[in-house]
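Engineer: Quick one: this structure, given as structure tokens, is what I'll be asking you about.
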Amino acid sequence: AAETALRESEARYRSLVESQREWIVRMDLEGRVTFVNDTYAEVFREPAEAILGRTVFHLVHPDDRAMVAEGFAGLLEPPHRVLVECRNLTPAGLRWVSWEGGAILDAQGRPVELQSVGRDVTERHMAEEALRESEARYRGLVESQQELVVRMDGMGRFTFVNDAYVRTFGRPREQLLGHSFLELVHPDDHGRVAEVISGMAAPPHRAWIELRNLTAQGVRWVAWDGGVVVDGDGRMTEAQAVGRDVTARRQAEADLRESEERFRSAFD
């Protein structure tokens, strides 16, 4: 009866394992393969019999082998589980694989075998790398600007300020992030700013405003051109704005108006 129950249990295990699209491999404590499922054999285009008895290290990118060896060593110590992402050398090319491993213990709690499940995460790694490259290009472009570039959350708190903003306001970046955009706006302009930010929540999600900012050089007029990022439900998740100092232009316009007033007064 015990042998029958064992065979049935093994059959259920094999049926479950062979139905998986993840890569499943079992190894002895020296890292020699004792079992692979059909998916593993298909990925590496070898019959299971040819894989058994070999280690898996030759299938790991050379630069990742030390990390994988460290992960194997970790399986021999409690809690006998480890998660490693590494590059595997497959016939189809280099693939990023997330391996979740565990040790099989005997009745005394000692490891007797190692088992690992791998999931191909190449597309995720490619997307993350593309995002990093995109962010690097964005940051390079933004930091090269003389305009003031800021990003804010839905509450108007800074999530990003470029170097030009830091220089203009004479504050370290860490003293700006997380603080409200309004803190450096002239109090008389707070109402207009709040109205504009609220209006950006509706299409076309853009706004333009000129206001007085409290900079390290004193009060300066800045023209802000802003837009927002919305989620799938149309809710504002982030706002970005670019500011240009227009104090000289505003002063010239004020001087022109004053001159015109004096001219008109001379003929009244």
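Chains: A, B, ... in order of the structure tokens. Residues: from 1 per chain. Ligands: from 1, in order shown.
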So which residues of segment 81-159 of chain A fall under strand (DSSP E) by DSSP, listed as a ChimeraX atom specification?
Structural biologist: /A:81-90,93-105,111-120,148-152,158-159
Engineer: Residues of segment 53-259 of chain A in alpha helix (DSSP H) according to DSSP, as number ranges by chain?
Structural biologist: A: 65-75, 122-143, 163-169, 173-176, 190-199, 247-259
Engineer: May I have the residues from that selection written out with C-alpha atoms, as a PDB file, in the first residue's frame?
Structural biologist:
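This went into out-v4.pdb:
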```
ATOM      1  CA  ARG A  65      28.362  32.380 -12.298  1.00  0.00           C
ATOM      2  CA  ALA A  66      29.752  33.720  -9.011  1.00  0.00           C
ATOM      3  CA  MET A  67      26.316  35.075  -8.092  1.00  0.00           C
ATOM      4  CA  VAL A  68      24.655  31.746  -8.953  1.00  0.00           C
ATOM      5  CA  ALA A  69      27.261  29.824  -6.920  1.00  0.00           C
ATOM      6  CA  GLU A  70      26.525  32.091  -3.959  1.00  0.00           C
ATOM      7  CA  GLY A  71      22.822  31.331  -4.410  1.00  0.00           C
ATOM      8  CA  PHE A  72      23.519  27.580  -4.379  1.00  0.00           C
ATOM      9  CA  ALA A  73      25.475  27.950  -1.143  1.00  0.00           C
ATOM     10  CA  GLY A  74      22.562  29.860   0.377  1.00  0.00           C
ATOM     11  CA  LEU A  75      20.235  26.908  -0.232  1.00  0.00           C
ATOM     12  CA  THR A 122      13.943  38.627 -20.691  1.00  0.00           C
ATOM     13  CA  GLU A 123      11.145  40.882 -21.931  1.00  0.00           C
ATOM     14  CA  ARG A 124      10.840  42.488 -18.498  1.00  0.00           C
ATOM     15  CA  HIS A 125      14.593  43.116 -18.351  1.00  0.00           C
ATOM     16  CA  MET A 126      14.513  44.596 -21.851  1.00  0.00           C
ATOM     17  CA  ALA A 127      11.652  46.894 -20.853  1.00  0.00           C
ATOM     18  CA  GLU A 128      13.497  47.951 -17.685  1.00  0.00           C
ATOM     19  CA  GLU A 129      16.686  48.637 -19.653  1.00  0.00           C
ATOM     20  CA  ALA A 130      14.743  50.638 -22.243  1.00  0.00           C
ATOM     21  CA  LEU A 131      13.173  52.631 -19.410  1.00  0.00           C
ATOM     22  CA  ARG A 132      16.584  53.318 -17.843  1.00  0.00           C
ATOM     23  CA  GLU A 133      17.948  54.487 -21.192  1.00  0.00           C
ATOM     24  CA  SER A 134      14.897  56.662 -21.760  1.00  0.00           C
ATOM     25  CA  GLU A 135      15.214  58.179 -18.284  1.00  0.00           C
ATOM     26  CA  ALA A 136      18.913  58.836 -18.885  1.00  0.00           C
ATOM     27  CA  ARG A 137      18.146  60.611 -22.172  1.00  0.00           C
ATOM     28  CA  TYR A 138      15.366  62.606 -20.504  1.00  0.00           C
ATOM     29  CA  ARG A 139      17.597  63.608 -17.593  1.00  0.00           C
ATOM     30  CA  GLY A 140      20.423  64.565 -19.939  1.00  0.00           C
ATOM     31  CA  LEU A 141      18.091  66.749 -21.966  1.00  0.00           C
ATOM     32  CA  VAL A 142      16.434  68.317 -18.927  1.00  0.00           C
ATOM     33  CA  GLU A 143      19.677  69.041 -17.072  1.00  0.00           C
ATOM     34  CA  ASP A 163      19.708  71.784 -11.837  1.00  0.00           C
ATOM     35  CA  ALA A 164      18.568  75.144 -13.220  1.00  0.00           C
ATOM     36  CA  TYR A 165      15.706  75.228 -10.690  1.00  0.00           C
ATOM     37  CA  VAL A 166      18.094  74.371  -7.845  1.00  0.00           C
ATOM     38  CA  ARG A 167      20.455  77.176  -8.874  1.00  0.00           C
ATOM     39  CA  THR A 168      17.680  79.719  -9.309  1.00  0.00           C
ATOM     40  CA  PHE A 169      16.109  79.124  -5.928  1.00  0.00           C
ATOM     41  CA  ARG A 173      17.424  69.428  -4.157  1.00  0.00           C
ATOM     42  CA  GLU A 174      16.649  67.415  -1.024  1.00  0.00           C
ATOM     43  CA  GLN A 175      15.062  70.522   0.547  1.00  0.00           C
ATOM     44  CA  LEU A 176      12.768  70.909  -2.455  1.00  0.00           C
ATOM     45  CA  HIS A 190      -1.410  81.458  -4.718  1.00  0.00           C
ATOM     46  CA  GLY A 191      -5.067  81.670  -5.689  1.00  0.00           C
ATOM     47  CA  ARG A 192      -4.325  81.847  -9.408  1.00  0.00           C
ATOM     48  CA  VAL A 193      -1.863  78.940  -9.205  1.00  0.00           C
ATOM     49  CA  ALA A 194      -4.357  76.718  -7.371  1.00  0.00           C
ATOM     50  CA  GLU A 195      -6.993  77.550  -9.976  1.00  0.00           C
ATOM     51  CA  VAL A 196      -4.646  76.687 -12.841  1.00  0.00           C
ATOM     52  CA  ILE A 197      -3.522  73.386 -11.292  1.00  0.00           C
ATOM     53  CA  SER A 198      -7.148  72.392 -10.712  1.00  0.00           C
ATOM     54  CA  GLY A 199      -7.999  73.237 -14.318  1.00  0.00           C
ATOM     55  CA  THR A 247      11.140  89.578 -15.389  1.00  0.00           C
ATOM     56  CA  ALA A 248      13.004  91.727 -17.926  1.00  0.00           C
ATOM     57  CA  ARG A 249      10.098  91.567 -20.357  1.00  0.00           C
ATOM     58  CA  ARG A 250       7.569  92.418 -17.648  1.00  0.00           C
ATOM     59  CA  GLN A 251       9.727  95.360 -16.536  1.00  0.00           C
ATOM     60  CA  ALA A 252      10.008  96.588 -20.131  1.00  0.00           C
ATOM     61  CA  GLU A 253       6.232  96.372 -20.534  1.00  0.00           C
ATOM     62  CA  ALA A 254       5.729  98.252 -17.262  1.00  0.00           C
ATOM     63  CA  ASP A 255       8.207 100.931 -18.340  1.00  0.00           C
ATOM     64  CA  LEU A 256       6.394 101.255 -21.669  1.00  0.00           C
ATOM     65  CA  ARG A 257       3.013 101.669 -19.977  1.00  0.00           C
ATOM     66  CA  GLU A 258       4.444 104.290 -17.635  1.00  0.00           C
ATOM     67  CA  SER A 259       5.954 106.153 -20.566  1.00  0.00           C
TER      68      SER A 259
END
```
Engineer: Using only C-alpha atoms, can you tell me which of A:Gln146, A:Ser98, A:Gln240, A:Ser180 comes closest to Ala207 of chain A?
Structural biologist: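 Closest to Ala207 of chain A, using only C-alpha atoms: A:Gln240.
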Engineer: Can you pull out every residue within 6 Å of segment 111-117 of chain A, counting only C-alpha atoms, but drop anything in the same chain fewer than 5 positions away, and send it as a list in words?
Structural biologist: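 Contacts, with the query itself left out: Trp23, Ile24, Val25, Arg26, Met27, Asp28, Leu29, Trp99, Glu100, Gly101, Gly102, Ala103, Ile104 and Leu105 of chain A.
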Engineer: Measuring between only C-alpha atoms, which one of A:Gln217, A:Met200, A:Pro47, A:Leu148 shows the shortest distance to Thr237 of chain A?
Structural biologist: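 Nearest to Thr237 of chain A: A:Met200.
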Engineer: Please, what distance in Å, to one decimal, runs between atom CA of Gln145 of chain A and atom CA of Phe160 of chain A?
Structural biologist: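 Interatomic distance here is 14.3 Å.
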Engineer: Which residues, written as a VMD selection string, have at least one atom at most 10 Å from Thr55 of chain A, with only C-alpha atoms counted and residues fewer than 5 positions away on the same chain left out?
Structural biologist: chain A and resid 27 to 28 30 to 34
Engineer: Please produce an output containing all heavy atoms for each residue in the selection, written as a PDB file, in the first residue's frame.
Structural biologist:
```pdb
ATOM      1  N   MET A  27      18.630  19.047  -8.520  1.00  0.00           N
ATOM      2  CA  MET A  27      20.068  18.780  -8.505  1.00  0.00           C
ATOM      3  C   MET A  27      20.466  18.174  -7.175  1.00  0.00           C
ATOM      4  O   MET A  27      19.786  18.366  -6.165  1.00  0.00           O
ATOM      5  CB  MET A  27      20.845  20.086  -8.717  1.00  0.00           C
ATOM      6  CG  MET A  27      20.651  20.739 -10.060  1.00  0.00           C
ATOM      7  SD  MET A  27      21.016  22.528 -10.009  1.00  0.00           S
ATOM      8  CE  MET A  27      19.562  23.157  -9.166  1.00  0.00           C
ATOM      9  N   ASP A  28      21.594  17.440  -7.196  1.00  0.00           N
ATOM     10  CA  ASP A  28      22.153  16.980  -5.930  1.00  0.00           C
ATOM     11  C   ASP A  28      22.923  18.137  -5.292  1.00  0.00           C
ATOM     12  O   ASP A  28      22.968  19.242  -5.844  1.00  0.00           O
ATOM     13  CB  ASP A  28      23.030  15.735  -6.126  1.00  0.00           C
ATOM     14  CG  ASP A  28      24.247  15.996  -7.014  1.00  0.00           C
ATOM     15  OD1 ASP A  28      24.650  17.170  -7.158  1.00  0.00           O
ATOM     16  OD2 ASP A  28      24.796  15.030  -7.581  1.00  0.00           O
ATOM     17  N   GLU A  30      25.938  18.778  -5.073  1.00  0.00           N
ATOM     18  CA  GLU A  30      27.091  19.253  -5.844  1.00  0.00           C
ATOM     19  C   GLU A  30      26.661  20.009  -7.098  1.00  0.00           C
ATOM     20  O   GLU A  30      27.499  20.429  -7.891  1.00  0.00           O
ATOM     21  CB  GLU A  30      27.998  18.078  -6.245  1.00  0.00           C
ATOM     22  CG  GLU A  30      28.883  17.558  -5.123  1.00  0.00           C
ATOM     23  CD  GLU A  30      28.072  16.839  -4.053  1.00  0.00           C
ATOM     24  OE1 GLU A  30      27.209  16.014  -4.430  1.00  0.00           O
ATOM     25  OE2 GLU A  30      28.292  17.115  -2.853  1.00  0.00           O
ATOM     26  N   GLY A  31      25.354  20.146  -7.273  1.00  0.00           N
ATOM     27  CA  GLY A  31      24.847  20.885  -8.419  1.00  0.00           C
ATOM     28  C   GLY A  31      24.668  20.052  -9.678  1.00  0.00           C
ATOM     29  O   GLY A  31      24.406  20.611 -10.754  1.00  0.00           O
ATOM     30  N   ARG A  32      24.792  18.720  -9.578  1.00  0.00           N
ATOM     31  CA  ARG A  32      24.578  17.862 -10.740  1.00  0.00           C
ATOM     32  C   ARG A  32      23.088  17.610 -10.927  1.00  0.00           C
ATOM     33  O   ARG A  32      22.369  17.323  -9.968  1.00  0.00           O
ATOM     34  CB  ARG A  32      25.327  16.540 -10.580  1.00  0.00           C
ATOM     35  CG  ARG A  32      26.852  16.692 -10.586  1.00  0.00           C
ATOM     36  CD  ARG A  32      27.528  15.324 -10.543  1.00  0.00           C
ATOM     37  NE  ARG A  32      27.265  14.667  -9.261  1.00  0.00           N
ATOM     38  CZ  ARG A  32      28.100  14.676  -8.234  1.00  0.00           C
ATOM     39  NH1 ARG A  32      29.251  15.330  -8.327  1.00  0.00           N
ATOM     40  NH2 ARG A  32      27.803  14.046  -7.115  1.00  0.00           N
ATOM     41  N   VAL A  33      22.633  17.690 -12.147  1.00  0.00           N
ATOM     42  CA  VAL A  33      21.209  17.592 -12.453  1.00  0.00           C
ATOM     43  C   VAL A  33      20.715  16.166 -12.242  1.00  0.00           C
ATOM     44  O   VAL A  33      21.314  15.199 -12.728  1.00  0.00           O
ATOM     45  CB  VAL A  33      20.941  18.028 -13.911  1.00  0.00           C
ATOM     46  CG1 VAL A  33      19.471  17.831 -14.267  1.00  0.00           C
ATOM     47  CG2 VAL A  33      21.353  19.486 -14.108  1.00  0.00           C
ATOM     48  N   THR A  34      19.607  16.036 -11.510  1.00  0.00           N
ATOM     49  CA  THR A  34      18.967  14.731 -11.300  1.00  0.00           C
ATOM     50  C   THR A  34      17.616  14.647 -11.995  1.00  0.00           C
ATOM     51  O   THR A  34      17.094  13.551 -12.203  1.00  0.00           O
ATOM     52  CB  THR A  34      18.772  14.471  -9.794  1.00  0.00           C
ATOM     53  OG1 THR A  34      17.966  15.537  -9.241  1.00  0.00           O
ATOM     54  CG2 THR A  34      20.115  14.431  -9.066  1.00  0.00           C
TER      55      THR A  34
END
```
Engineer: In Å to one decimal, how far is atom CA of Trp224 of chain A from atom CA of Ala241 of chain A?
Structural biologist: 6.2 Å
Engineer: At what distance in Å, to one decimal, does atom CA of Arg244 of chain A lie from atom CA of Gly154 of chain A?
Structural biologist: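 Going from atom CA of Gly154 of chain A over to atom CA of Arg244 of chain A covers 22.5 Å.
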Engineer: My list of candidates is A:Arg151, A:Pro91, A:His61, A:Glu22. Which is closest to Glu46 of chain A when distances are computed with only C-alpha atoms?
Structural biologist: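 Among the listed residues, the smallest separation from Glu46 of chain A belongs to A:Pro91.
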Engineer: Return the single residue from A:Glu261, A:Glu49, A:Glu238, A:Asp245 that is closest to Thr159 of chain A, with distances computed using only C-alpha atoms.
Structural biologist: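 The closest residue to Thr159 of chain A is A:Glu238.
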Engineer: Rank A:Gly227, A:Pro172, A:Gly243, A:Gly109 by their smallest atom-to-atom distance to Val149 of chain A, using only C-alpha atoms, and report the top residue only.
Structural biologist: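 Using only C-alpha atoms, the shortest distance to Val149 of chain A belongs to A:Gly243.
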